$ cat work-v8.tsv   # TSV, C-alpha atoms
chain	number	residue	atom	x	y	z
A	273	MET	CA	14.41	-25.35	16.45
A	274	THR	CA	13.29	-22.69	14.00
A	275	ASP	CA	12.20	-25.33	11.51
A	276	GLU	CA	9.90	-26.83	14.10
A	277	TRP	CA	8.29	-23.46	14.75
A	278	GLU	CA	7.94	-22.81	11.10
A	279	LEU	CA	6.28	-26.20	10.68
A	280	ARG	CA	3.86	-25.46	13.47
A	281	LEU	CA	3.07	-22.12	11.98
A	282	ARG	CA	2.54	-23.58	8.52
A	283	SER	CA	0.31	-26.26	9.96
A	284	ALA	CA	-1.83	-23.77	11.87
A	285	LEU	CA	-2.21	-21.45	8.89
A	286	ALA	CA	-3.10	-24.32	6.58
A	287	ALA	CA	-5.66	-25.65	9.03
A	288	ARG	CA	-7.33	-22.27	9.36
A	289	ALA	CA	-7.31	-21.66	5.63
A	290	GLY	CA	-8.69	-25.14	5.01
A	291	GLN	CA	-11.79	-24.23	6.97
A	292	VAL	CA	-12.74	-21.75	4.31
A	293	THR	CA	-14.32	-23.73	1.53
A	294	GLN	CA	-16.24	-22.78	-1.58
A	295	GLU	CA	-19.49	-23.87	0.05
A	296	ARG	CA	-19.04	-21.52	2.96
A	297	LEU	CA	-18.53	-18.50	0.79
A	298	ARG	CA	-21.33	-16.19	-0.11
A	299	PHE	CA	-22.58	-16.36	-3.63
A	300	GLY	CA	-19.89	-14.63	-5.60
A	301	VAL	CA	-20.93	-12.06	-8.13
A	302	PRO	CA	-18.20	-11.20	-10.62
A	303	PRO	CA	-17.41	-7.50	-10.74
A	304	THR	CA	-18.51	-7.23	-14.37
A	305	VAL	CA	-22.01	-8.13	-13.24
A	306	ALA	CA	-21.99	-6.42	-9.88
A	307	VAL	CA	-20.52	-3.13	-10.98
A	308	PRO	CA	-21.37	-1.52	-14.29
A	309	ARG	CA	-18.12	0.04	-15.30
A	310	GLU	CA	-18.51	3.70	-16.03
A	311	PRO	CA	-15.72	6.12	-16.47
A	312	SER	CA	-15.32	8.35	-13.50
A	313	ARG	CA	-16.42	11.95	-13.68
A	314	LEU	CA	-12.83	13.09	-13.50
A	315	TRP	CA	-11.85	10.84	-16.39
A	316	ARG	CA	-14.80	12.07	-18.40
A	317	LEU	CA	-13.50	15.60	-17.95
A	318	TRP	CA	-9.88	14.71	-18.53
A	319	ARG	CA	-10.40	12.87	-21.76
A	320	TRP	CA	-11.76	16.03	-23.35
A	321	LEU	CA	-8.78	18.04	-22.23
A	322	PRO	CA	-6.71	17.43	-25.39
A	323	LEU	CA	-9.37	19.15	-27.48
A	324	PRO	CA	-8.88	22.68	-26.15
A	325	ALA	CA	-5.18	22.00	-25.73
A	326	GLY	CA	-4.86	21.00	-29.38
A	327	ALA	CA	-6.92	23.98	-30.47
A	328	ALA	CA	-4.68	26.26	-28.46
A	329	ILE	CA	-1.56	24.71	-29.99
A	330	VAL	CA	-2.97	25.07	-33.49
A	331	ALA	CA	-3.94	28.67	-32.80
A	332	VAL	CA	-0.49	29.51	-31.54
A	333	ALA	CA	1.12	27.78	-34.50
A	334	LEU	CA	-1.09	29.61	-36.96
A	335	THR	CA	-0.42	32.88	-35.23
A	336	LEU	CA	3.28	32.31	-35.44
A	337	THR	CA	3.11	31.17	-39.05
A	338	LEU	CA	0.62	33.59	-40.58
A	339	GLY	CA	0.62	36.43	-38.12
A	340	PRO	CA	1.93	39.91	-38.77
A	341	ARG	CA	5.63	40.09	-38.98
A	342	SER	CA	7.50	42.30	-36.66
A	343	PRO	CA	7.69	45.81	-38.04
A	344	GLY	CA	11.11	46.64	-39.35
A	345	PRO	CA	12.63	50.08	-39.50
A	346	GLU	CA	10.57	52.26	-41.71
A	347	PRO	CA	12.36	53.62	-44.73
A	348	ILE	CA	13.26	57.22	-44.43
A	349	GLN	CA	11.18	59.26	-46.78
A	350	PRO	CA	12.98	61.83	-48.85
A	351	ALA	CA	12.55	65.25	-47.50
A	352	ASP	CA	10.00	67.47	-49.21
A	353	PRO	CA	11.55	70.03	-51.44
A	354	VAL	CA	11.52	73.41	-49.84
A	355	VAL	CA	9.25	75.68	-51.77
A	356	THR	CA	9.76	79.31	-51.21
A	357	ALA	CA	6.49	80.96	-51.75
A	358	PRO	CA	5.83	84.64	-51.40
A	359	PRO	CA	4.40	85.29	-48.00
A	360	SER	CA	0.73	85.88	-48.04
A	361	PRO	CA	0.02	88.89	-45.99
A	362	SER	CA	-3.43	88.00	-44.86
A	363	THR	CA	-5.90	85.17	-44.54
A	364	THR	CA	-9.51	85.28	-43.66
A	365	ALA	CA	-9.34	82.37	-41.28
A	366	SER	CA	-6.49	81.06	-39.36
A	367	PRO	CA	-5.68	77.36	-39.82
A	368	SER	CA	-6.32	76.68	-36.19
A	369	SER	CA	-9.86	77.96	-36.36
A	370	MET	CA	-10.50	75.84	-39.40
A	371	ALA	CA	-9.24	72.77	-37.73
A	372	THR	CA	-11.16	73.21	-34.54
A	373	ASP	CA	-14.48	74.12	-36.02
A	374	PRO	CA	-15.89	71.19	-37.88
A	375	ALA	CA	-19.51	72.33	-37.76
A	376	PRO	CA	-20.83	74.05	-40.82
A	377	SER	CA	-21.33	77.65	-40.22
A	378	THR	CA	-23.22	80.23	-42.13
A	379	SER	CA	-21.99	83.10	-40.09
A	380	ALA	CA	-18.72	84.76	-40.32
A	381	PRO	CA	-15.65	82.97	-39.11
A	382	ARG	CA	-14.91	83.36	-35.46
A	383	SER	CA	-11.45	84.64	-35.92
A	384	VAL	CA	-11.13	88.15	-36.99
A	385	PRO	CA	-9.37	88.32	-40.27
A	386	ALA	CA	-6.16	90.10	-40.13
A	387	THR	CA	-6.03	93.29	-42.04
A	388	PRO	CA	-2.60	94.13	-43.29
A	389	SER	CA	-3.33	97.73	-43.96
A	390	ARG	CA	-6.15	100.10	-44.08
A	391	SER	CA	-5.93	100.31	-47.80
A	392	ALA	CA	-6.25	96.64	-48.28
A	393	ARG	CA	-9.70	95.10	-48.29
A	394	THR	CA	-10.17	91.55	-47.44
A	395	LYS	CA	-12.43	89.52	-49.52
A	396	GLY	CA	-13.54	86.41	-47.69
A	397	VAL	CA	-16.08	84.13	-49.19
A	398	THR	CA	-18.08	81.98	-46.93
A	399	VAL	CA	-19.99	79.28	-48.66
A	400	GLY	CA	-23.35	78.01	-47.66
A	401	PRO	CA	-24.12	75.16	-45.34
A	402	GLY	CA	-24.44	72.65	-48.12
A	403	ALA	CA	-20.87	73.10	-49.16
A	404	GLY	CA	-19.36	72.72	-45.75
A	405	PRO	CA	-17.21	74.99	-43.77
A	406	VAL	CA	-14.72	75.65	-46.48
A	407	THR	CA	-13.44	79.14	-46.48
A	408	LYS	CA	-11.47	80.38	-49.36
A	409	PRO	CA	-8.44	82.26	-48.40
A	410	ALA	CA	-8.82	85.93	-48.93
A	411	ARG	CA	-6.48	87.74	-51.15
A	412	PRO	CA	-5.54	91.29	-50.49
A	413	GLU	CA	-6.74	93.67	-53.07
A	414	ALA	CA	-4.42	96.33	-53.96
A	415	THR	CA	-5.85	99.78	-53.86
A	416	PRO	CA	-4.98	101.71	-56.92
A	417	ALA	CA	-2.82	104.55	-56.11
A	418	GLY	CA	-4.24	108.01	-56.38
B	170	MET	CA	6.26	22.26	-39.68
B	171	ILE	CA	5.18	23.47	-36.29
B	172	SER	CA	1.53	23.42	-37.25
B	173	VAL	CA	1.77	19.85	-38.59
B	174	LEU	CA	3.31	18.29	-35.48
B	175	PRO	CA	0.23	18.10	-33.20
B	176	PHE	CA	-1.98	16.40	-35.73
B	177	PRO	CA	-0.77	12.77	-35.47
B	178	SER	CA	-1.21	12.82	-31.72
B	179	LEU	CA	-4.60	14.44	-32.09
B	180	PHE	CA	-5.67	11.77	-34.55
B	181	ALA	CA	-4.42	9.04	-32.24
B	182	TRP	CA	-6.31	10.60	-29.36
B	183	LEU	CA	-9.48	10.83	-31.43
B	184	ARG	CA	-9.12	7.16	-32.42
B	185	GLY	CA	-8.69	6.18	-28.79
B	186	LEU	CA	-11.64	8.31	-27.78
B	187	SER	CA	-13.92	6.75	-30.33
B	188	ALA	CA	-12.71	3.28	-29.34
B	189	GLY	CA	-13.41	4.06	-25.70
B	190	VAL	CA	-16.89	5.26	-26.57
B	191	ARG	CA	-17.52	2.09	-28.56
B	192	THR	CA	-16.28	-0.10	-25.70
B	193	ALA	CA	-18.33	1.75	-23.12
B	194	GLY	CA	-21.40	1.57	-25.28
B	195	ARG	CA	-21.03	-2.11	-26.03
B	196	GLY	CA	-20.41	-3.55	-22.53
B	197	GLY	CA	-22.30	-6.63	-21.45
B	198	PRO	CA	-21.67	-10.12	-22.68
B	199	GLU	CA	-19.22	-9.24	-25.47
B	200	THR	CA	-16.54	-8.03	-23.07
B	201	PRO	CA	-13.60	-10.36	-22.62
B	202	PRO	CA	-14.09	-12.39	-19.45
B	203	ALA	CA	-10.51	-12.21	-18.14
B	204	ILE	CA	-11.64	-10.57	-14.93
B	205	ASN	CA	-14.38	-13.16	-14.50
B	206	GLU	CA	-12.01	-16.05	-15.06
B	207	LEU	CA	-9.63	-14.57	-12.54
B	208	TYR	CA	-12.48	-14.06	-10.11
B	209	HIS	CA	-13.66	-17.64	-10.33
B	210	SER	CA	-10.19	-19.14	-10.16
B	211	ARG	CA	-8.61	-16.97	-7.47
B	212	ARG	CA	-11.45	-15.85	-5.26
B	213	LEU	CA	-11.27	-18.74	-2.81
B	214	SER	CA	-7.54	-18.51	-2.24
B	215	MET	CA	-7.78	-14.74	-1.83
B	216	VAL	CA	-10.54	-15.13	0.75
B	217	ARG	CA	-8.37	-17.65	2.59
B	218	LEU	CA	-5.49	-15.22	2.57
B	219	ALA	CA	-7.72	-12.47	3.88
B	220	VAL	CA	-9.14	-14.75	6.58
B	221	LEU	CA	-5.65	-15.48	7.82
B	222	MET	CA	-5.06	-11.77	8.14
B	223	VAL	CA	-8.36	-10.51	9.53
B	224	ASP	CA	-9.74	-13.68	11.17
B	225	ASP	CA	-13.39	-13.46	10.22
B	226	LEU	CA	-14.94	-14.67	7.01
B	227	PRO	CA	-17.43	-11.87	6.23
B	228	THR	CA	-14.76	-9.21	6.43
B	229	ALA	CA	-12.45	-11.32	4.30
B	230	GLU	CA	-15.11	-11.76	1.63
B	231	ASP	CA	-15.81	-8.05	1.59
B	232	ILE	CA	-12.12	-7.31	1.21
B	233	VAL	CA	-11.73	-9.67	-1.71
B	234	GLN	CA	-14.82	-8.37	-3.44
B	235	ASP	CA	-13.57	-4.81	-3.06
B	236	VAL	CA	-10.20	-5.73	-4.51
B	237	PHE	CA	-11.76	-7.39	-7.54
B	238	THR	CA	-14.06	-4.44	-8.02
B	239	ALA	CA	-11.15	-2.02	-7.86
B	240	LEU	CA	-9.22	-4.13	-10.34
B	241	TYR	CA	-12.15	-4.13	-12.73
B	242	ARG	CA	-12.76	-0.42	-12.40
B	243	ARG	CA	-9.14	0.52	-12.95
B	244	HIS	CA	-8.13	-1.93	-15.63
B	245	GLY	CA	-11.35	-3.02	-17.26
B	246	PRO	CA	-12.66	-6.49	-18.01
B	247	GLY	CA	-9.58	-7.38	-20.05
B	248	LEU	CA	-7.19	-6.47	-17.22
B	249	ARG	CA	-5.49	-4.01	-19.51
B	250	GLY	CA	-2.01	-3.08	-18.28
B	251	VAL	CA	-1.85	-5.68	-15.50
B	252	THR	CA	1.21	-7.86	-15.99
B	253	ASP	CA	0.74	-10.09	-12.96
B	254	PRO	CA	-2.88	-10.22	-11.79
B	255	ASN	CA	-2.07	-12.62	-8.96
B	256	ALA	CA	0.50	-10.26	-7.47
B	257	TYR	CA	-1.97	-7.43	-7.90
B	258	LEU	CA	-4.60	-9.35	-5.97
B	259	ILE	CA	-2.23	-10.33	-3.16
B	260	THR	CA	-1.07	-6.76	-2.78
B	261	GLY	CA	-4.61	-5.48	-2.82
B	262	VAL	CA	-5.85	-8.00	-0.29
B	263	THR	CA	-2.86	-7.36	1.97
B	264	ASN	CA	-3.35	-3.61	1.94
B	265	ALA	CA	-7.08	-3.87	2.46
B	266	ALA	CA	-6.60	-6.31	5.31
B	267	ARG	CA	-4.14	-4.00	6.99
B	268	SER	CA	-6.62	-1.15	6.66
B	269	ALA	CA	-9.36	-3.31	8.12
B	270	LEU	CA	-7.18	-4.30	11.06
B	271	ARG	CA	-6.26	-0.68	11.66
B	272	ARG	CA	-9.90	0.37	11.62
B	273	ARG	CA	-10.74	-2.45	13.94
B	274	ARG	CA	-8.01	-1.47	16.37
B	275	THR	CA	-9.25	2.11	16.35
B	276	ALA	CA	-12.81	1.01	16.91
B	277	ARG	CA	-11.72	-1.31	19.71
B	278	ALA	CA	-10.46	1.70	21.61
B	279	TYR	CA	-13.99	3.06	21.78
B	280	LEU	CA	-16.26	0.03	21.50
B	281	PRO	CA	-16.27	-3.45	22.99
B	282	PRO	CA	-15.02	-6.08	20.52
B	283	SER	CA	-17.80	-7.35	18.33
B	284	PRO	CA	-18.31	-11.12	18.29
B	285	GLU	CA	-17.94	-11.41	14.52
B	286	ASN	CA	-14.31	-10.40	14.64
B	287	VAL	CA	-13.24	-13.69	16.16
B	288	PRO	CA	-13.46	-17.08	14.46
B	289	ALA	CA	-16.63	-19.02	14.92
B	290	ALA	CA	-16.74	-21.49	17.76
B	291	GLU	CA	-17.09	-24.46	15.45
B	292	ASP	CA	-14.06	-23.36	13.54
B	293	GLU	CA	-12.10	-23.19	16.76
B	294	ALA	CA	-13.34	-26.61	17.75
B	295	MET	CA	-12.25	-28.13	14.47
B	296	LEU	CA	-8.69	-27.06	15.02
B	297	GLY	CA	-6.17	-28.93	17.03
B	298	VAL	CA	-4.95	-27.53	20.29
B	299	GLY	CA	-1.57	-26.60	18.89
B	300	ASP	CA	-3.06	-24.84	15.90
B	301	ARG	CA	-5.51	-22.99	18.08
B	302	GLU	CA	-2.76	-21.71	20.33
B	303	MET	CA	-0.65	-20.72	17.39
B	304	LEU	CA	-3.49	-18.80	15.76
B	305	ARG	CA	-4.29	-17.08	19.01
B	306	ALA	CA	-0.70	-16.00	19.37
B	307	LEU	CA	-0.72	-14.87	15.75
B	308	ARG	CA	-3.66	-12.62	16.47
B	309	GLY	CA	-1.58	-10.74	19.01
B	310	LEU	CA	1.01	-9.63	16.46
B	311	THR	CA	0.97	-6.32	14.70
B	312	PRO	CA	-0.68	-6.29	11.27
B	313	ARG	CA	2.68	-5.98	9.54
B	314	GLN	CA	4.21	-8.91	11.43
B	315	ARG	CA	1.18	-11.01	10.75
B	316	GLN	CA	1.22	-10.21	7.07
B	317	VAL	CA	4.84	-11.13	6.74
B	318	LEU	CA	4.30	-14.49	8.41
B	319	VAL	CA	1.17	-15.28	6.41
B	320	LEU	CA	2.79	-14.36	3.11
B	321	ARG	CA	5.93	-16.27	4.01
B	322	TYR	CA	4.47	-19.45	5.48
B	323	TRP	CA	1.12	-19.76	3.78
B	324	SER	CA	1.45	-17.97	0.45
B	325	GLU	CA	5.02	-19.28	0.20
B	326	LEU	CA	6.34	-16.01	-1.14
B	327	SER	CA	10.03	-15.28	-1.06
B	328	GLU	CA	11.46	-12.40	0.90
B	329	ALA	CA	11.84	-10.37	-2.28
B	330	GLU	CA	8.22	-10.99	-3.28
B	331	ILE	CA	7.00	-10.04	0.18
B	332	ALA	CA	9.08	-6.89	0.00
B	333	ASP	CA	7.49	-6.03	-3.34
B	334	THR	CA	4.02	-6.76	-2.06
B	335	LEU	CA	4.37	-4.73	1.11
B	336	ARG	CA	6.57	-2.09	-0.54
B	337	VAL	CA	9.31	-2.41	2.03
B	338	SER	CA	12.92	-3.49	1.81
B	339	ARG	CA	14.06	-7.09	2.02
B	340	GLY	CA	15.88	-6.29	5.23
B	341	THR	CA	12.65	-5.05	6.74
B	342	VAL	CA	10.91	-8.27	5.75
B	343	LYS	CA	13.66	-10.37	7.25
B	344	SER	CA	13.79	-8.45	10.51
B	345	THR	CA	10.00	-8.34	10.79
B	346	ALA	CA	9.72	-12.08	10.30
B	347	HIS	CA	12.48	-12.74	12.79
B	348	ARG	CA	10.88	-10.48	15.35
B	349	ALA	CA	7.43	-12.02	14.81
B	350	LEU	CA	8.73	-15.56	15.25
B	351	SER	CA	10.51	-14.51	18.43
B	352	ILE	CA	7.27	-13.09	19.80
B	353	LEU	CA	5.39	-16.27	18.93
B	354	ARG	CA	8.05	-18.34	20.55
B	355	ALA	CA	7.97	-16.24	23.68
B	356	ARG	CA	4.19	-16.36	23.93
B	357	LEU	CA	3.82	-20.03	23.32
B	358	GLY	CA	6.92	-20.99	25.23
B	359	GLU	CA	9.57	-23.28	24.03
B	360	ARG	CA	7.33	-26.29	23.86
$ encode --input "work-v8.tsv" --output "structure tokens"
Amino acid sequence: MTDEWELRLRSALAARAGQVTQERLRFGVPPTVAVPREPSRLWRLWRWLPLPAGAAIVAVALTLTLGPRSPGPEPIQPADPVVTAPPSPSTTASPSSMATDPAPSTSAPRSVPATPSRSARTKGVTVGPGAGPVTKPARPEATPAG
Amino acid sequence: MISVLPFPSLFAWLRGLSAGVRTAGRGGPETPPAINELYHSRRLSMVRLAVLMVDDLPTAEDIVQDVFTALYRRHGPGLRGVTDPNAYLITGVTNAARSALRRRRTARAYLPPSPENVPAAEDEAMLGVGDREMLRALRGLTPRQRQVLVLRYWSELSEAEIADTLRVSRGTVKSTAHRALSILRARLGER
């Protein structure tokens, strides 16, 4: 029974397909003629992708190869020898004022020089503007006794 | 070592890129005519297959032309990477026909059926009565049932090949064919 139905179906399909002949078809244009094949816009973008990717890989590799090595523990410097110097009783300018006053100054230093005693005279030398704000440390001058 | 590794692939990519540029720039008559040979040898049978699925000739021709165009665009004139062009065409025509039938069914819900979607009167007249009834009953099946029957009884594909073409299991093909034949039998009567 099924074979008969299958035969009928085959016969009907073949009859319908047989009605389509080459002469009834439209003029066929092969796709190579009908459609100029151009790469899609997406493909045009994608095919350049390896360029920046390769550059990035090379950059990373070079960075890893030639880059700065990780800093190790710094060697411990030997401690400076302790020099016991006689205490200087007075200076004309305190170190803080020297450090915080970079402008050349022709006037007297802002900080008031310390005077150890009334008998001691400070002798501060302030150099001119061409030499910069270097102030020589004053040395106390001993007053001769009597 | 790390910095050397990417270079062979980069060189290969550059070679491929330059080859692609050469091929795209050349084009025209020097391209291998594999797609054209396939077009001339298989177009008629593909249009017949499409006609059996969608009924009318203009739609069938459009479907086949679209499938060949897609094949050319994706795989080039040399059909690069296509192992079985015939299977590719059958699958493409089947899918496109199903889409066309689906669109037609959707449009039928809103518009009256257009006269070009049925076979021409002379075509009907050329058929025998039995064939005409059978084709009319075939038109009442779902697209999937119709495809299975056409592929089975006209393209002479096996169940496994139909399953590959439609991307369904063999069991689905078998049950769909059985169900479709039962419907045909019920509509035409046990004559």
$ interface_residues --input "work-v8.tsv" --of "chain A" --to "chain B" --cutoff "10 Å" --atoms "only C-alpha atoms" --output "PyMOL selection string"
chain A and resi 273-274+277-294+296-298+300-312+319-320+322-323+325-327+329-337
$ write_last_selection --input "work-v8.tsv" --atoms "C-alpha atoms" --output "mmCIF file, keeping the file's coordinate frame"
data_model
loop_
_atom_site.group_PDB
_atom_site.id
_atom_site.type_symbol
_atom_site.label_atom_id
_atom_site.label_comp_id
_atom_site.auth_asym_id
_atom_site.auth_seq_id
_atom_site.Cartn_x
_atom_site.Cartn_y
_atom_site.Cartn_z
ATOM 1 C CA MET A 273 14.410 -25.350 16.450
ATOM 2 C CA THR A 274 13.290 -22.690 14.000
ATOM 3 C CA TRP A 277 8.290 -23.460 14.750
ATOM 4 C CA GLU A 278 7.940 -22.810 11.100
ATOM 5 C CA LEU A 279 6.280 -26.200 10.680
ATOM 6 C CA ARG A 280 3.860 -25.460 13.470
ATOM 7 C CA LEU A 281 3.070 -22.120 11.980
ATOM 8 C CA ARG A 282 2.540 -23.580 8.520
ATOM 9 C CA SER A 283 0.310 -26.260 9.960
ATOM 10 C CA ALA A 284 -1.830 -23.770 11.870
ATOM 11 C CA LEU A 285 -2.210 -21.450 8.890
ATOM 12 C CA ALA A 286 -3.100 -24.320 6.580
ATOM 13 C CA ALA A 287 -5.660 -25.650 9.030
ATOM 14 C CA ARG A 288 -7.330 -22.270 9.360
ATOM 15 C CA ALA A 289 -7.310 -21.660 5.630
ATOM 16 C CA GLY A 290 -8.690 -25.140 5.010
ATOM 17 C CA GLN A 291 -11.790 -24.230 6.970
ATOM 18 C CA VAL A 292 -12.740 -21.750 4.310
ATOM 19 C CA THR A 293 -14.320 -23.730 1.530
ATOM 20 C CA GLN A 294 -16.240 -22.780 -1.580
ATOM 21 C CA ARG A 296 -19.040 -21.520 2.960
ATOM 22 C CA LEU A 297 -18.530 -18.500 0.790
ATOM 23 C CA ARG A 298 -21.330 -16.190 -0.110
ATOM 24 C CA GLY A 300 -19.890 -14.630 -5.600
ATOM 25 C CA VAL A 301 -20.930 -12.060 -8.130
ATOM 26 C CA PRO A 302 -18.200 -11.200 -10.620
ATOM 27 C CA PRO A 303 -17.410 -7.500 -10.740
ATOM 28 C CA THR A 304 -18.510 -7.230 -14.370
ATOM 29 C CA VAL A 305 -22.010 -8.130 -13.240
ATOM 30 C CA ALA A 306 -21.990 -6.420 -9.880
ATOM 31 C CA VAL A 307 -20.520 -3.130 -10.980
ATOM 32 C CA PRO A 308 -21.370 -1.520 -14.290
ATOM 33 C CA ARG A 309 -18.120 0.040 -15.300
ATOM 34 C CA GLU A 310 -18.510 3.700 -16.030
ATOM 35 C CA PRO A 311 -15.720 6.120 -16.470
ATOM 36 C CA SER A 312 -15.320 8.350 -13.500
ATOM 37 C CA ARG A 319 -10.400 12.870 -21.760
ATOM 38 C CA TRP A 320 -11.760 16.030 -23.350
ATOM 39 C CA PRO A 322 -6.710 17.430 -25.390
ATOM 40 C CA LEU A 323 -9.370 19.150 -27.480
ATOM 41 C CA ALA A 325 -5.180 22.000 -25.730
ATOM 42 C CA GLY A 326 -4.860 21.000 -29.380
ATOM 43 C CA ALA A 327 -6.920 23.980 -30.470
ATOM 44 C CA ILE A 329 -1.560 24.710 -29.990
ATOM 45 C CA VAL A 330 -2.970 25.070 -33.490
ATOM 46 C CA ALA A 331 -3.940 28.670 -32.800
ATOM 47 C CA VAL A 332 -0.490 29.510 -31.540
ATOM 48 C CA ALA A 333 1.120 27.780 -34.500
ATOM 49 C CA LEU A 334 -1.090 29.610 -36.960
ATOM 50 C CA THR A 335 -0.420 32.880 -35.230
ATOM 51 C CA LEU A 336 3.280 32.310 -35.440
ATOM 52 C CA THR A 337 3.110 31.170 -39.050
#
$ atom_distance --input "work-v8.tsv" --atom1 "CA of Arg308 in chain B" --atom2 "CA of Ser338 in chain B"
23.9 Å
$ atom_distance --input "work-v8.tsv" --atom1 "CA of Gln316 in chain B" --atom2 "CA of Gly247 in chain B"
29.3 Å
$ atom_distance --input "work-v8.tsv" --atom1 "CA of Leu320 in chain B" --atom2 "CA of Gly250 in chain B"
24.7 Å
$ axis_aligned_box --input "work-v8.tsv" --around "range 235-249 of chain B" --padding-each-side "6 Å" --output "JSON"
{"center_x": -9.8, "center_y": -3.4, "center_z": -11.6, "size_x": 20.6, "size_y": 19.9, "size_z": 29.0}
$ residues_around --input "work-v8.tsv" --residues "range 266-279 of chain B" --least-positions-apart "3" --cutoff "8 Å" --atoms "only C-alpha atoms" --output "number ranges by chain"
B: 219, 222-223, 229, 232, 262-263, 282, 312-313
$ closest_residue --input "work-v8.tsv" --among "B:Ala306, B:Ala346, B:Leu335, B:Ile352" --to "Gly261 in chain B" --atoms "all atoms listed in the file"
B:Leu335
$ decode --input "work-v8.tsv" --residues "range 277-295 of chain A" --atoms "N, CA and C atoms" --output "PDB file, in the first residue's frame"
ATOM      1  N   TRP A 277       1.551   4.506  -2.822  1.00  0.00           N
ATOM      2  CA  TRP A 277       1.512   5.942  -2.532  1.00  0.00           C
ATOM      3  C   TRP A 277       2.829   6.614  -2.863  1.00  0.00           C
ATOM      4  N   GLU A 278       3.877   5.904  -2.552  1.00  0.00           N
ATOM      5  CA  GLU A 278       5.185   6.470  -2.878  1.00  0.00           C
ATOM      6  C   GLU A 278       5.357   6.595  -4.389  1.00  0.00           C
ATOM      7  N   LEU A 279       4.844   5.614  -5.121  1.00  0.00           N
ATOM      8  CA  LEU A 279       4.936   5.704  -6.583  1.00  0.00           C
ATOM      9  C   LEU A 279       4.118   6.873  -7.116  1.00  0.00           C
ATOM     10  N   ARG A 280       2.963   7.048  -6.557  1.00  0.00           N
ATOM     11  CA  ARG A 280       2.124   8.172  -6.997  1.00  0.00           C
ATOM     12  C   ARG A 280       2.797   9.498  -6.690  1.00  0.00           C
ATOM     13  N   LEU A 281       3.384   9.535  -5.519  1.00  0.00           N
ATOM     14  CA  LEU A 281       4.065  10.784  -5.136  1.00  0.00           C
ATOM     15  C   LEU A 281       5.265  11.048  -6.038  1.00  0.00           C
ATOM     16  N   ARG A 282       6.039  10.022  -6.282  1.00  0.00           N
ATOM     17  CA  ARG A 282       7.190  10.176  -7.185  1.00  0.00           C
ATOM     18  C   ARG A 282       6.728  10.630  -8.566  1.00  0.00           C
ATOM     19  N   SER A 283       5.682  10.036  -9.038  1.00  0.00           N
ATOM     20  CA  SER A 283       5.177  10.368 -10.375  1.00  0.00           C
ATOM     21  C   SER A 283       4.727  11.819 -10.443  1.00  0.00           C
ATOM     22  N   ALA A 284       4.018  12.269  -9.415  1.00  0.00           N
ATOM     23  CA  ALA A 284       3.531  13.652  -9.412  1.00  0.00           C
ATOM     24  C   ALA A 284       4.691  14.635  -9.339  1.00  0.00           C
ATOM     25  N   LEU A 285       5.662  14.338  -8.484  1.00  0.00           N
ATOM     26  CA  LEU A 285       6.807  15.248  -8.353  1.00  0.00           C
ATOM     27  C   LEU A 285       7.612  15.288  -9.649  1.00  0.00           C
ATOM     28  N   ALA A 286       7.795  14.137 -10.277  1.00  0.00           N
ATOM     29  CA  ALA A 286       8.561  14.113 -11.521  1.00  0.00           C
ATOM     30  C   ALA A 286       7.819  14.857 -12.627  1.00  0.00           C
ATOM     31  N   ALA A 287       6.512  14.729 -12.649  1.00  0.00           N
ATOM     32  CA  ALA A 287       5.735  15.427 -13.681  1.00  0.00           C
ATOM     33  C   ALA A 287       5.820  16.935 -13.508  1.00  0.00           C
ATOM     34  N   ARG A 288       5.742  17.375 -12.250  1.00  0.00           N
ATOM     35  CA  ARG A 288       5.830  18.820 -12.010  1.00  0.00           C
ATOM     36  C   ARG A 288       7.237  19.333 -12.318  1.00  0.00           C
ATOM     37  N   ALA A 289       8.229  18.585 -11.899  1.00  0.00           N
ATOM     38  CA  ALA A 289       9.597  19.031 -12.170  1.00  0.00           C
ATOM     39  C   ALA A 289       9.898  19.016 -13.660  1.00  0.00           C
ATOM     40  N   GLY A 290       9.301  18.068 -14.379  1.00  0.00           N
ATOM     41  CA  GLY A 290       9.547  17.986 -15.818  1.00  0.00           C
ATOM     42  C   GLY A 290       8.990  19.172 -16.572  1.00  0.00           C
ATOM     43  N   GLN A 291       8.069  19.892 -15.964  1.00  0.00           N
ATOM     44  CA  GLN A 291       7.528  21.070 -16.644  1.00  0.00           C
ATOM     45  C   GLN A 291       8.518  22.226 -16.662  1.00  0.00           C
ATOM     46  N   VAL A 292       9.462  22.167 -15.799  1.00  0.00           N
ATOM     47  CA  VAL A 292      10.477  23.233 -15.763  1.00  0.00           C
ATOM     48  C   VAL A 292      11.617  22.812 -16.682  1.00  0.00           C
ATOM     49  N   THR A 293      11.723  23.481 -17.774  1.00  0.00           N
ATOM     50  CA  THR A 293      12.778  23.164 -18.738  1.00  0.00           C
ATOM     51  C   THR A 293      13.727  24.352 -18.877  1.00  0.00           C
ATOM     52  N   GLN A 294      14.824  24.088 -19.529  1.00  0.00           N
ATOM     53  CA  GLN A 294      15.838  25.144 -19.698  1.00  0.00           C
ATOM     54  C   GLN A 294      15.262  26.322 -20.471  1.00  0.00           C
ATOM     55  N   GLU A 295      14.362  26.035 -21.403  1.00  0.00           N
ATOM     56  CA  GLU A 295      13.818  27.118 -22.227  1.00  0.00           C
ATOM     57  C   GLU A 295      12.893  28.030 -21.437  1.00  0.00           C
TER      58      GLU A 295
END
